[in-house]
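Student: To be precise about what I am sending: the file is called start.cif and holds mmCIF, C-alpha atoms.
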```cif
data_target
loop_
_atom_site.label_atom_id
_atom_site.label_comp_id
_atom_site.auth_asym_id
_atom_site.auth_seq_id
_atom_site.Cartn_x
_atom_site.Cartn_y
_atom_site.Cartn_z
CA MET A 1 -11.29 -27.64 6.11
CA SER A 2 -10.63 -24.90 8.61
CA GLN A 3 -13.78 -23.41 10.04
CA PRO A 4 -14.97 -19.98 8.88
CA VAL A 5 -13.94 -17.00 10.98
CA VAL A 6 -17.31 -15.26 10.71
CA VAL A 7 -20.68 -16.90 10.10
CA LEU A 8 -24.00 -15.09 9.94
CA ASN A 9 -27.02 -17.27 9.52
CA SER A 10 -30.37 -15.62 8.64
CA VAL A 11 -29.73 -12.71 10.97
CA VAL A 12 -32.63 -10.34 11.58
CA LYS A 13 -32.33 -7.06 13.45
CA ARG A 14 -35.13 -4.59 14.08
CA PHE A 15 -35.09 -1.12 15.55
CA GLY A 16 -38.74 -0.53 16.40
CA ALA A 17 -40.77 -1.27 13.31
CA HIS A 18 -37.76 -0.83 11.04
CA GLU A 19 -36.13 -4.10 9.99
CA VAL A 20 -32.49 -3.16 9.43
CA LEU A 21 -31.30 -6.69 8.61
CA GLN A 22 -33.73 -9.02 6.92
CA GLY A 23 -32.20 -12.45 7.18
CA LEU A 24 -28.53 -11.77 6.44
CA SER A 25 -26.30 -14.80 5.83
CA LEU A 26 -22.61 -14.74 5.03
CA GLU A 27 -19.36 -16.52 5.73
CA VAL A 28 -15.77 -15.25 5.94
CA ARG A 29 -12.95 -17.77 5.47
CA PRO A 30 -9.63 -17.63 7.33
CA GLY A 31 -7.06 -15.34 5.72
CA GLN A 32 -9.64 -13.74 3.49
CA THR A 33 -10.03 -10.01 2.99
CA PHE A 34 -13.79 -9.69 2.86
CA ALA A 35 -15.20 -6.41 1.58
CA PHE A 36 -18.61 -5.62 3.03
CA LEU A 37 -20.24 -2.98 0.87
CA GLY A 38 -23.42 -1.04 1.06
CA ARG A 39 -24.86 2.42 0.80
CA ASN A 40 -25.08 4.52 3.93
CA GLY A 41 -27.85 3.04 6.05
CA ALA A 42 -27.74 -0.40 4.39
CA GLY A 43 -27.02 -2.09 7.73
CA LYS A 44 -23.21 -2.36 7.66
CA THR A 45 -22.48 -0.79 11.03
CA THR A 46 -25.38 -2.65 12.64
CA THR A 47 -23.86 -5.92 11.38
CA ILE A 48 -20.44 -4.98 12.74
CA ARG A 49 -21.89 -4.04 16.13
CA MET A 50 -23.47 -7.48 16.29
CA LEU A 51 -20.17 -9.18 15.37
CA LEU A 52 -18.66 -7.44 18.40
CA GLY A 53 -21.53 -8.38 20.70
CA LEU A 54 -22.61 -4.74 21.12
CA LEU A 55 -26.05 -5.59 19.72
CA LYS A 56 -27.98 -8.84 19.77
CA PRO A 57 -29.87 -10.19 16.76
CA ASP A 58 -33.65 -10.59 16.95
CA ALA A 59 -33.41 -13.85 15.01
CA GLY A 60 -30.73 -15.99 13.42
CA SER A 61 -27.28 -16.87 14.70
CA ILE A 62 -23.80 -15.31 14.64
CA ARG A 63 -20.43 -16.96 15.17
CA VAL A 64 -17.15 -15.08 15.38
CA LEU A 65 -14.07 -17.30 15.76
CA GLY A 66 -16.50 -20.06 16.67
CA LEU A 67 -18.06 -18.03 19.51
CA ASP A 68 -21.46 -16.42 19.92
CA PRO A 69 -20.55 -12.73 20.44
CA GLY A 70 -23.85 -12.14 22.28
CA LYS A 71 -22.74 -14.60 24.97
CA HIS A 72 -18.95 -14.27 24.85
CA GLU A 73 -18.54 -10.59 24.19
CA ILE A 74 -15.32 -10.20 26.22
CA GLU A 75 -13.63 -13.23 24.67
CA VAL A 76 -14.54 -12.03 21.18
CA ARG A 77 -13.30 -8.49 21.87
CA LYS A 78 -9.97 -9.90 23.07
CA ARG A 79 -9.38 -11.76 19.84
CA VAL A 80 -10.76 -9.23 17.38
CA GLY A 81 -9.16 -5.96 16.29
CA TYR A 82 -11.67 -3.22 15.60
CA LEU A 83 -11.22 0.09 13.85
CA ALA A 84 -14.43 2.06 14.21
CA GLU A 85 -15.84 4.44 11.67
CA ASP A 86 -14.74 7.92 12.72
CA GLN A 87 -13.17 6.54 15.87
CA GLN A 88 -13.53 8.77 18.92
CA MET A 89 -10.46 8.81 21.14
CA PHE A 90 -9.57 10.88 24.16
CA GLY A 91 -8.29 14.03 22.50
CA TRP A 92 -6.37 15.23 25.56
CA MET A 93 -4.26 12.06 25.70
CA LYS A 94 -0.90 11.86 24.02
CA VAL A 95 -0.32 9.08 21.49
CA GLU A 96 2.01 7.18 23.86
CA GLU A 97 -0.51 7.57 26.68
CA ILE A 98 -3.39 6.00 24.80
CA VAL A 99 -1.16 3.12 23.71
CA ARG A 100 -0.27 2.48 27.37
CA PHE A 101 -3.92 2.97 28.36
CA MET A 102 -5.22 0.37 25.90
CA ALA A 103 -2.60 -2.31 26.50
CA PRO A 104 -3.97 -3.74 29.80
CA PHE A 105 -7.34 -4.50 28.17
CA TYR A 106 -5.72 -7.18 26.03
CA PRO A 107 -3.82 -10.16 27.43
CA THR A 108 -2.08 -10.65 24.08
CA TRP A 109 -0.93 -7.02 23.71
CA ASP A 110 2.53 -6.92 22.10
CA HIS A 111 4.49 -3.83 23.19
CA GLU A 112 7.26 -4.50 20.70
CA LEU A 113 4.74 -4.63 17.88
CA ALA A 114 2.98 -1.47 19.10
CA ASN A 115 6.31 0.37 19.05
CA ARG A 116 7.14 -0.97 15.62
CA TYR A 117 3.80 0.17 14.17
CA ALA A 118 4.27 3.58 15.82
CA ARG A 119 7.60 3.90 13.99
CA GLN A 120 6.36 2.51 10.68
CA PHE A 121 3.23 4.67 10.80
CA GLU A 122 5.43 7.66 11.74
CA LEU A 123 3.21 8.53 14.70
CA PRO A 124 4.41 11.40 16.89
CA LEU A 125 4.30 9.78 20.35
CA ARG A 126 4.26 13.01 22.33
CA THR A 127 1.54 14.72 20.35
CA LYS A 128 -1.96 15.00 21.75
CA ILE A 129 -4.56 13.01 19.82
CA LYS A 130 -6.63 16.11 19.10
CA HIS A 131 -3.66 17.57 17.21
CA LEU A 132 -3.19 14.56 14.92
CA SER A 133 -4.09 14.81 11.26
CA LYS A 134 -6.96 12.65 9.99
CA GLY A 135 -4.49 10.21 8.42
CA GLN A 136 -2.44 9.96 11.62
CA ALA A 137 -5.60 9.36 13.67
CA VAL A 138 -6.62 6.48 11.38
CA ARG A 139 -3.14 4.99 11.67
CA LEU A 140 -3.24 5.32 15.45
CA GLY A 141 -6.62 3.53 15.37
CA LEU A 142 -5.05 0.82 13.24
CA LEU A 143 -2.14 0.46 15.67
CA LEU A 144 -4.59 0.09 18.56
CA ALA A 145 -6.59 -2.45 16.57
CA LEU A 146 -3.54 -4.55 15.65
CA ALA A 147 -1.13 -4.47 18.57
CA HIS A 148 -2.83 -7.38 20.36
CA ARG A 149 -2.27 -9.59 17.30
CA PRO A 150 -5.97 -10.22 16.62
CA GLU A 151 -7.02 -13.20 14.50
CA LEU A 152 -9.76 -11.13 12.91
CA VAL A 153 -9.64 -7.43 12.10
CA ILE A 154 -12.86 -5.50 11.53
CA LEU A 155 -12.50 -2.19 9.74
CA ASP A 156 -15.59 0.00 9.60
CA ASP A 157 -15.20 2.37 6.66
CA PRO A 158 -11.60 3.22 7.59
CA ALA A 159 -10.89 5.21 4.44
CA LEU A 160 -13.72 7.64 5.13
CA GLY A 161 -12.30 11.13 5.27
CA LEU A 162 -8.88 10.15 3.94
CA ASP A 163 -7.54 11.82 0.82
CA PRO A 164 -6.57 9.61 -2.16
CA ILE A 165 -2.90 9.45 -1.19
CA MET A 166 -3.65 8.50 2.40
CA ARG A 167 -6.11 5.88 1.15
CA LYS A 168 -3.45 4.27 -0.96
CA GLU A 169 -1.10 4.34 2.02
CA PHE A 170 -3.80 2.79 4.17
CA ASN A 171 -4.30 0.01 1.62
CA ARG A 172 -0.53 -0.55 1.61
CA ASP A 173 -0.56 -0.88 5.40
CA LEU A 174 -3.43 -3.33 5.09
CA ILE A 175 -1.58 -5.41 2.52
CA THR A 176 1.71 -5.48 4.40
CA HIS A 177 0.52 -5.74 7.99
CA LEU A 178 -2.68 -7.74 7.63
CA GLN A 179 -2.68 -9.78 4.42
CA GLY A 180 1.07 -10.29 4.63
CA GLU A 181 0.58 -11.87 8.06
CA GLY A 182 -2.33 -14.05 7.00
CA ARG A 183 -5.00 -12.33 9.08
CA THR A 184 -8.67 -12.33 8.28
CA VAL A 185 -10.04 -8.88 7.47
CA PHE A 186 -13.66 -7.76 7.43
CA TYR A 187 -13.59 -4.44 5.62
CA SER A 188 -16.74 -2.36 5.38
CA SER A 189 -17.00 0.47 2.88
CA HIS A 190 -19.45 2.24 0.66
CA LEU A 191 -16.98 2.55 -2.21
CA LEU A 192 -16.50 -0.54 -4.35
CA TYR A 193 -13.54 0.91 -6.25
CA GLU A 194 -11.79 1.65 -2.97
CA VAL A 195 -11.85 -1.97 -1.78
CA GLU A 196 -11.43 -3.70 -5.13
CA PRO A 197 -7.61 -3.62 -5.16
CA VAL A 198 -7.37 -5.28 -1.75
CA ALA A 199 -10.41 -7.54 -1.41
CA ASP A 200 -10.53 -11.28 -2.10
CA MET A 201 -14.31 -11.38 -1.78
CA VAL A 202 -16.92 -8.70 -2.27
CA ALA A 203 -20.37 -8.75 -0.68
CA ILE A 204 -22.95 -6.06 -1.36
CA LEU A 205 -25.59 -5.34 1.27
CA ASP A 206 -28.73 -3.44 0.41
CA HIS A 207 -31.74 -2.78 2.63
CA GLY A 208 -30.67 -5.49 5.02
CA VAL A 209 -30.05 -8.36 2.59
CA LEU A 210 -27.02 -9.49 0.65
CA VAL A 211 -27.72 -8.72 -3.01
CA LYS A 212 -24.41 -9.97 -4.34
CA GLN A 213 -21.39 -11.93 -3.21
CA ALA A 214 -18.54 -12.89 -5.51
CA PRO A 215 -14.77 -13.24 -5.61
CA THR A 216 -13.42 -9.82 -6.64
CA GLU A 217 -11.98 -11.25 -9.85
CA ALA A 218 -15.32 -12.75 -10.89
CA LEU A 219 -17.49 -9.72 -10.19
CA ARG A 220 -17.02 -8.04 -13.58
CA ASP A 221 -17.62 -11.26 -15.48
CA GLN A 222 -20.86 -11.91 -13.64
CA VAL A 223 -22.52 -8.49 -13.58
CA LYS A 224 -23.02 -6.93 -16.98
CA ARG A 225 -25.59 -5.07 -18.99
CA ILE A 226 -27.04 -6.60 -22.11
CA ALA A 227 -28.80 -4.54 -24.76
CA LEU A 228 -31.47 -6.19 -26.87
CA SER A 229 -34.51 -5.12 -28.84
CA ARG A 230 -37.67 -4.28 -26.91
CA ALA A 231 -39.52 -7.04 -28.75
CA ASP A 232 -36.95 -9.68 -27.76
CA HIS A 233 -36.98 -8.34 -24.25
CA GLN A 234 -40.77 -8.69 -24.06
CA GLU A 235 -40.48 -12.29 -25.19
CA PHE A 236 -37.33 -13.54 -23.44
CA GLY A 237 -36.69 -10.95 -20.73
CA SER A 238 -38.05 -13.17 -17.99
CA ALA A 239 -35.29 -15.73 -18.67
CA LEU A 240 -32.57 -13.18 -17.91
CA ASN A 241 -33.08 -12.75 -14.16
CA ALA A 242 -32.74 -9.02 -14.57
CA LEU A 243 -31.46 -6.85 -11.74
CA ASP A 244 -32.72 -3.76 -13.50
CA VAL A 245 -34.05 -2.77 -16.91
CA ARG A 246 -33.70 0.54 -18.73
CA LEU A 247 -35.53 1.31 -21.91
CA SER A 248 -33.89 3.61 -24.39
CA GLY A 249 -35.26 4.09 -27.89
CA GLU A 250 -35.83 0.70 -29.48
CA GLU A 251 -33.57 -1.03 -27.00
CA ALA A 252 -34.00 -2.58 -23.60
CA VAL A 253 -30.81 -2.51 -21.57
CA VAL A 254 -30.88 -5.20 -18.92
CA ALA A 255 -28.51 -5.52 -15.95
CA VAL A 256 -27.84 -9.18 -15.17
CA ASP A 257 -26.25 -10.89 -12.22
CA ASN A 258 -25.22 -14.04 -14.08
CA ALA A 259 -24.04 -12.86 -17.49
CA ALA A 260 -22.95 -16.31 -18.69
CA ALA A 261 -26.40 -17.81 -18.07
CA ALA A 262 -28.16 -14.80 -19.61
CA ILE A 263 -26.01 -15.05 -22.74
CA ARG A 264 -26.73 -18.78 -23.03
CA ALA A 265 -30.46 -18.05 -22.80
CA LEU A 266 -30.24 -15.37 -25.51
CA GLU A 267 -28.11 -17.60 -27.76
CA ALA A 268 -30.62 -20.43 -27.35
CA ALA A 269 -33.43 -18.05 -28.28
CA GLY A 270 -31.46 -16.77 -31.28
CA CYS A 271 -31.65 -13.11 -30.24
CA THR A 272 -29.23 -10.41 -31.30
CA TYR A 273 -27.75 -8.64 -28.34
CA ARG A 274 -24.87 -6.46 -27.29
CA ILE A 275 -22.86 -6.92 -24.12
CA ILE A 276 -21.87 -3.84 -22.14
CA ASP A 277 -18.99 -4.15 -19.67
CA LEU A 278 -19.60 -2.19 -16.50
CA ASN A 279 -17.26 -0.24 -14.29
CA LEU A 280 -17.42 -0.80 -10.56
CA ASP A 281 -19.77 2.08 -9.79
CA GLU A 282 -22.14 0.72 -12.41
CA ILE A 283 -21.88 -2.80 -11.00
CA PHE A 284 -22.66 -1.49 -7.53
CA GLU A 285 -25.56 0.51 -8.90
CA ALA A 286 -26.90 -2.45 -10.88
CA CYS A 287 -26.82 -4.65 -7.79
CA VAL A 288 -28.76 -2.19 -5.65
CA ALA A 289 -30.89 -0.61 -8.40
CA GLY A 290 -33.57 -3.27 -8.74
CA ARG A 291 -34.40 -2.94 -5.07
CA LYS A 292 -34.68 0.80 -4.93
CA ASP A 293 -38.18 1.99 -4.22
CA ASN A 294 -37.98 5.05 -6.40
CA HIS A 295 -39.64 5.57 -9.72
CA ASP A 296 -37.71 8.49 -11.09
CA SER A 297 -35.33 6.35 -13.15
CA GLY A 298 -37.90 5.90 -15.90
CA PRO A 299 -40.40 3.18 -16.70
CA VAL A 300 -39.44 -0.36 -15.80
CA ALA A 301 -40.65 -3.23 -17.94
CA PRO A 302 -42.69 -5.99 -16.33
CA ALA A 303 -39.85 -8.49 -16.74
CA ALA A 304 -37.85 -6.60 -14.12
CA ALA A 305 -40.45 -7.28 -11.48
CA GLY A 306 -41.03 -10.53 -9.71
CA VAL A 307 -37.41 -11.56 -9.74
CA GLY A 308 -35.99 -12.78 -6.53
CA MET B 1 8.57 -1.36 -14.01
CA PHE B 2 5.98 1.35 -14.36
CA ILE B 3 2.39 0.16 -14.09
CA ARG B 4 -0.63 2.36 -13.66
CA ILE B 5 -4.02 1.26 -12.46
CA GLU B 6 -7.24 2.94 -13.37
CA LYS B 7 -9.54 2.61 -10.39
CA GLY B 8 -13.14 1.61 -10.92
CA SER B 9 -12.61 0.89 -14.62
CA SER B 10 -14.61 -1.77 -16.46
CA VAL B 11 -11.34 -3.66 -16.93
CA SER B 12 -10.40 -5.61 -13.82
CA ILE B 13 -7.26 -4.64 -11.95
CA SER B 14 -5.68 -8.03 -12.59
CA ARG B 15 -6.25 -7.68 -16.32
CA GLN B 16 -4.91 -4.13 -16.32
CA ILE B 17 -1.70 -5.28 -14.65
CA ALA B 18 -1.30 -8.42 -16.79
CA ASP B 19 -1.88 -6.48 -20.01
CA GLN B 20 0.72 -3.89 -19.04
CA ILE B 21 3.34 -6.49 -18.14
CA ARG B 22 2.78 -8.22 -21.52
CA ALA B 23 3.07 -4.86 -23.25
CA LEU B 24 6.29 -4.05 -21.38
CA CYS B 25 7.74 -7.42 -22.48
CA LEU B 26 6.71 -6.85 -26.08
CA ALA B 27 8.08 -3.32 -26.13
CA GLY B 28 11.38 -4.52 -24.68
CA ALA B 29 11.01 -2.33 -21.60
CA LEU B 30 11.23 -5.60 -19.69
CA LYS B 31 14.13 -7.57 -21.14
CA PRO B 32 14.56 -11.33 -21.29
CA ASN B 33 16.02 -12.68 -18.02
CA GLU B 34 15.20 -9.46 -16.22
CA GLN B 35 13.93 -9.99 -12.69
CA LEU B 36 10.52 -8.62 -11.76
CA PRO B 37 9.70 -7.21 -8.32
CA SER B 38 8.63 -9.86 -5.82
CA VAL B 39 4.91 -10.47 -5.29
CA ARG B 40 5.12 -8.61 -1.97
CA GLN B 41 6.98 -5.66 -3.44
CA LEU B 42 4.67 -5.20 -6.38
CA ALA B 43 1.57 -5.67 -4.21
CA ARG B 44 2.82 -2.99 -1.84
CA GLU B 45 3.89 -0.63 -4.59
CA LEU B 46 0.57 -0.84 -6.42
CA ALA B 47 -1.47 -1.21 -3.19
CA VAL B 48 -3.03 -4.36 -4.60
CA ASN B 49 -3.87 -7.66 -2.90
CA GLN B 50 -0.89 -10.06 -2.86
CA ASN B 51 -3.06 -12.92 -4.06
CA THR B 52 -4.00 -10.87 -7.10
CA VAL B 53 -0.34 -10.23 -7.97
CA LEU B 54 0.54 -13.88 -7.36
CA ARG B 55 -2.25 -15.02 -9.70
CA ILE B 56 -1.07 -12.59 -12.38
CA TYR B 57 2.51 -13.91 -12.17
CA GLU B 58 1.19 -17.47 -12.32
CA ARG B 59 -1.00 -16.76 -15.32
CA LEU B 60 1.78 -14.96 -17.21
CA SER B 61 4.11 -17.85 -16.39
CA ALA B 62 1.57 -20.34 -17.73
CA GLU B 63 1.34 -18.23 -20.88
CA GLY B 64 5.12 -18.28 -21.24
CA TRP B 65 5.86 -14.61 -20.58
CA LEU B 66 7.38 -15.05 -17.15
CA GLU B 67 9.18 -17.77 -15.30
CA MET B 68 8.80 -18.21 -11.55
CA ARG B 69 12.03 -19.74 -10.32
CA HIS B 70 11.40 -21.47 -7.05
CA GLY B 71 12.97 -19.67 -4.11
CA ASP B 72 14.60 -17.17 -6.41
CA GLY B 73 12.10 -14.86 -8.02
CA THR B 74 10.17 -14.11 -11.15
CA TYR B 75 11.96 -13.44 -14.43
CA VAL B 76 11.07 -12.54 -17.99
CA THR B 77 11.47 -15.59 -20.24
CA HIS B 78 13.95 -15.69 -23.12
CA ARG B 79 11.37 -15.26 -25.81
CA PRO B 80 7.91 -13.73 -25.42
CA PRO B 81 5.26 -16.14 -26.67
CA ILE B 82 4.23 -14.20 -29.77
CA TRP B 83 2.32 -17.23 -31.05
CA ARG B 84 -0.04 -16.81 -28.12
CA MET B 85 -1.09 -13.47 -29.52
CA ASN B 86 -2.89 -15.07 -32.46
CA GLY B 87 -6.04 -15.87 -30.49
CA GLN B 88 -6.01 -12.42 -28.98
CA ARG B 89 -5.53 -10.84 -32.38
CA GLN B 90 -8.59 -12.65 -33.66
CA GLN B 91 -10.56 -11.40 -30.68
CA PHE B 92 -9.30 -7.89 -31.30
CA ALA B 93 -10.37 -8.11 -34.95
CA ASP B 94 -13.85 -9.20 -33.84
CA GLU B 95 -14.08 -6.34 -31.38
CA LEU B 96 -12.96 -3.86 -34.00
CA GLN B 97 -15.60 -5.22 -36.37
CA GLN B 98 -18.26 -4.63 -33.72
CA LEU B 99 -16.95 -1.15 -33.06
CA VAL B 100 -17.05 -0.27 -36.76
CA ARG B 101 -20.62 -1.54 -37.00
CA ARG B 102 -21.62 0.65 -34.09
CA GLY B 103 -19.90 3.63 -35.65
CA LEU B 104 -21.78 3.13 -38.91
CA MET B 105 -25.04 2.81 -36.97
CA LEU B 106 -24.26 6.14 -35.32
CA GLY B 107 -24.09 7.67 -38.77
CA LEU B 108 -20.32 8.10 -39.01
CA SER B 109 -18.97 8.02 -42.55
CA THR B 110 -16.08 5.76 -43.57
CA ASP B 111 -13.85 8.82 -43.80
CA GLU B 112 -14.81 9.88 -40.30
CA LEU B 113 -14.08 6.37 -39.01
CA ARG B 114 -10.65 6.42 -40.68
CA GLU B 115 -9.95 9.80 -39.15
CA LEU B 116 -10.86 8.49 -35.68
CA LEU B 117 -8.49 5.57 -36.16
CA ASP B 118 -5.70 7.92 -37.24
CA GLN B 119 -6.31 10.10 -34.19
CA ALA B 120 -6.18 7.07 -31.89
CA LEU B 121 -2.93 5.91 -33.48
CA ALA B 122 -1.44 9.38 -33.19
CA SER B 123 -2.29 9.68 -29.50
CA GLN B 124 -0.81 6.21 -28.86
CA ALA B 125 2.40 7.33 -30.56
CA GLU B 126 2.47 10.33 -28.25
CA VAL B 127 2.03 8.14 -25.18
CA ALA B 128 4.79 5.82 -26.37
CA ALA B 129 7.14 8.75 -26.94
CA LEU B 130 6.39 10.10 -23.47
CA SER B 131 7.03 6.81 -21.71
CA HIS B 132 10.20 6.35 -23.78
CA ASN B 133 11.47 9.70 -22.58
CA ALA B 134 10.47 8.91 -19.03
CA GLN B 135 12.53 5.71 -19.09
CA GLU B 136 15.63 7.31 -20.54
CA PRO B 137 16.24 10.54 -18.72
CA SER B 138 18.55 12.91 -20.54
CA PRO B 139 22.14 12.69 -19.26
#
```
Can the structure in the file be given as structure tokens, please?
Tutor:
Amino acid sequence: MSQPVVVLNSVVKRFGAHEVLQGLSLEVRPGQTFAFLGRNGAGKTTTIRMLLGLLKPDAGSIRVLGLDPGKHEIEVRKRVGYLAEDQQMFGWMKVEEIVRFMAPFYPTWDHELANRYARQFELPLRTKIKHLSKGQAVRLGLLLALAHRPELVILDDPALGLDPIMRKEFNRDLITHLQGEGRTVFYSSHLLYEVEPVADMVAILDHGVLVKQAPTEALRDQVKRIALSRADHQEFGSALNALDVRLSGEEAVVAVDNAAAAIRALEAAGCTYRIIDLNLDEIFEACVAGRKDNHDSGPVAPAAAGVG
Amino acid sequence: MFIRIEKGSSVSISRQIADQIRALCLAGALKPNEQLPSVRQLARELAVNQNTVLRIYERLSAEGWLEMRHGDGTYVTHRPPIWRMNGQRQQFADELQQLVRRGLMLGLSTDELRELLDQALASQAEVAALSHNAQEPSP
């Protein structure tokens, strides 16, 4: 077995009294496109900054390409391609100037490849960065992140601010230039439907812990809502491991994380129930809903509490 | 091969693509022995993970719709496996049964249910006519 490219083991990070990551563990396998999802403020960028050695964890351990980024920051940065969220570049530089400027930082920089990407991405070499469109700027960022042939590419919400057509183009670039070449991709986003077409694995982060991780293909089979009578819910609800419960009329509608197990439990109990397939927004919502500290979504039955 | 993907739907992308390829075979839009785009091509065109496309081709080959010829490409088989549809037809009948029960619970009359079915059939016919026209542009 080849070793994982990224390993986080019970990572804790605090900013003052605020615990941003509360024991985060995850693993990214070689060649995988790993979608790292969460709402704004869930801890995604903090995690990425730690992967790059820009922040150190307060507890737990991190390995990137087998190295501790806190100790081997330079080595990690050499072997990782990074496209920052809303990347700031020197606006007064021309495209060809920043490409030449970046090259010496990386021993493995491939000039041929940089030129090829510039052509394929249709980047105007003599244009100043501040005059690039949003889509061109993202592609320039991608060129700079890829031209040193990194083993791991970290993309921090790259599609943010791109229109739907540019997003599709970006996903195409990702498929051709990253997946097609067998690279490992760590792709952070707050939009599940945006990463679904390209991701092999989906992980959902909420309030500093991973609330869900599943192969993209399995996600819809695992997370569903099940409607049953309130009486049955009172009696058997605790067996369902509910993520979230909504009461409507005579029914209790329960979001479950392991639909197969929940259905077995209901079959064994002889309940009548109805299965509701969820779209990706609903799946995302179900995964983060049970942990939300708000009470405006209506009364929650006791069975929803105490699950964990 | 025209395939459209509905983002964020409750039907997974792989099932959306597989269903549409089966439908294209059944409708004769994909003909026996016709070559499909390569995994890379289709992945790029649809902006979908190559592994996903590969798994779809493999599944449809296992079901007898497609044939992956080693080192050559993926082709439509001589005869679509109609017999495979039996299980799916049963499942469809069950789903329809459930749907009808829900409709009745919502207070729809049998006539109203029939009318809804007619409407659905009519709109499908429209879609089919549109895609037929799209495939055969007027000379």
Student: Looking at all atoms listed in the file, which of B:Pro80, B:Arg69, B:Leu116, B:Glu6 is the one that sits closest to B:Ala27?
Tutor: B:Pro80
Student: Here's the selection I'm unsure about, the PyMOL selection byres ((chain B) within 8 of (chain A)); applied to the file above, which residues does it give, as a PyMOL selection string?
Tutor: chain B and resi 7-14+40+43-45+47-51
Student: What does the distance from atom CA of A:Gly31 to atom CA of A:Met201 come to in Å, to one decimal?
Tutor: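 Calculated distance between atom CA of A:Gly31 and atom CA of A:Met201 is 11.2 Å.
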Student: Quick one: apply the PyMOL selection byres ((chain B and resi 64) around 12) to the file and drop the selected residues here as a PyMOL selection string.
Tutor: chain B and resi 22+25+32+57-63+65-68+75-85
Student: So which one's closest to A:Leu37, A:Pro69, A:Gly237, A:Gly208, A:Pro150? Using all atoms listed in the file, please.
Tutor: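 Result for the nearest residue to A:Leu37: A:Gly208.
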Student: Do you know which residues are at most 7 Å from A:Ala252 counting all atoms listed in the file, after dropping those on the same chain fewer than 5 positions away, and could you put them as number ranges by chain?
Tutor: A: 227-230, 233, 245-247
Student: How many Å lie between atom CA of A:Gly249 and atom CA of A:Thr272, rounded to one decimal?
Tutor: 16.1 Å
Student: Using the chain letters and numbers from the file, give me the residues hit by the PyMOL selection byres ((chain A and resi 9) around 7), as a count of residues only.
Tutor: 10
Student: Could you please determine the separation between atom CA of A:Gly141 and atom CA of A:Pro30 in Å, to one decimal place?
Tutor: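 Atom-to-atom, atom CA of A:Gly141 to atom CA of A:Pro30, that is 22.8 Å.
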Student: Between B:Leu46, B:Asp19, B:Gly73, B:Arg4, which is the closest to B:Glu34 once you count all atoms listed in the file?
Tutor: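 For B:Glu34, the nearest of the given residues is B:Gly73.
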Student: If you count all atoms listed in the file, which residues fall within 12 Å of B:Gln98, apart from same-chain ones fewer than 6 positions away, as a list in words?
Tutor: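 The residues satisfying every condition are Tyr273, Arg274 and Ile275 of chain A; Gln91, Phe92, Leu104 and Met105 of chain B.
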Student: Name the residues in contact with A:Glu122 at a cut-off of 9 Å, using all atoms listed in the file, excluding same-chain residues fewer than 5 positions from it; report them as a list in words.
Tutor: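 My list of contacting residues is Tyr117, Gln136 and Arg139 of chain A.
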Student: From the set B:Ala18, B:Glu95, B:Met1, B:Arg89, which residue has the shortest atom-to-atom contact distance to B:Pro37, counting all atoms listed in the file?
Tutor: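 Of B:Ala18, B:Glu95, B:Met1, B:Arg89, the one nearest B:Pro37, counting all atoms listed in the file, is B:Met1.
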Student: Hey, what's within 10 Å of A:Leu132 if we count only C-alpha atoms and toss same-chain stuff fewer than 5 positions away? As a PyMOL selection string, please?
Tutor: chain A and resi 91+94-95+123-124+127+137-138+140
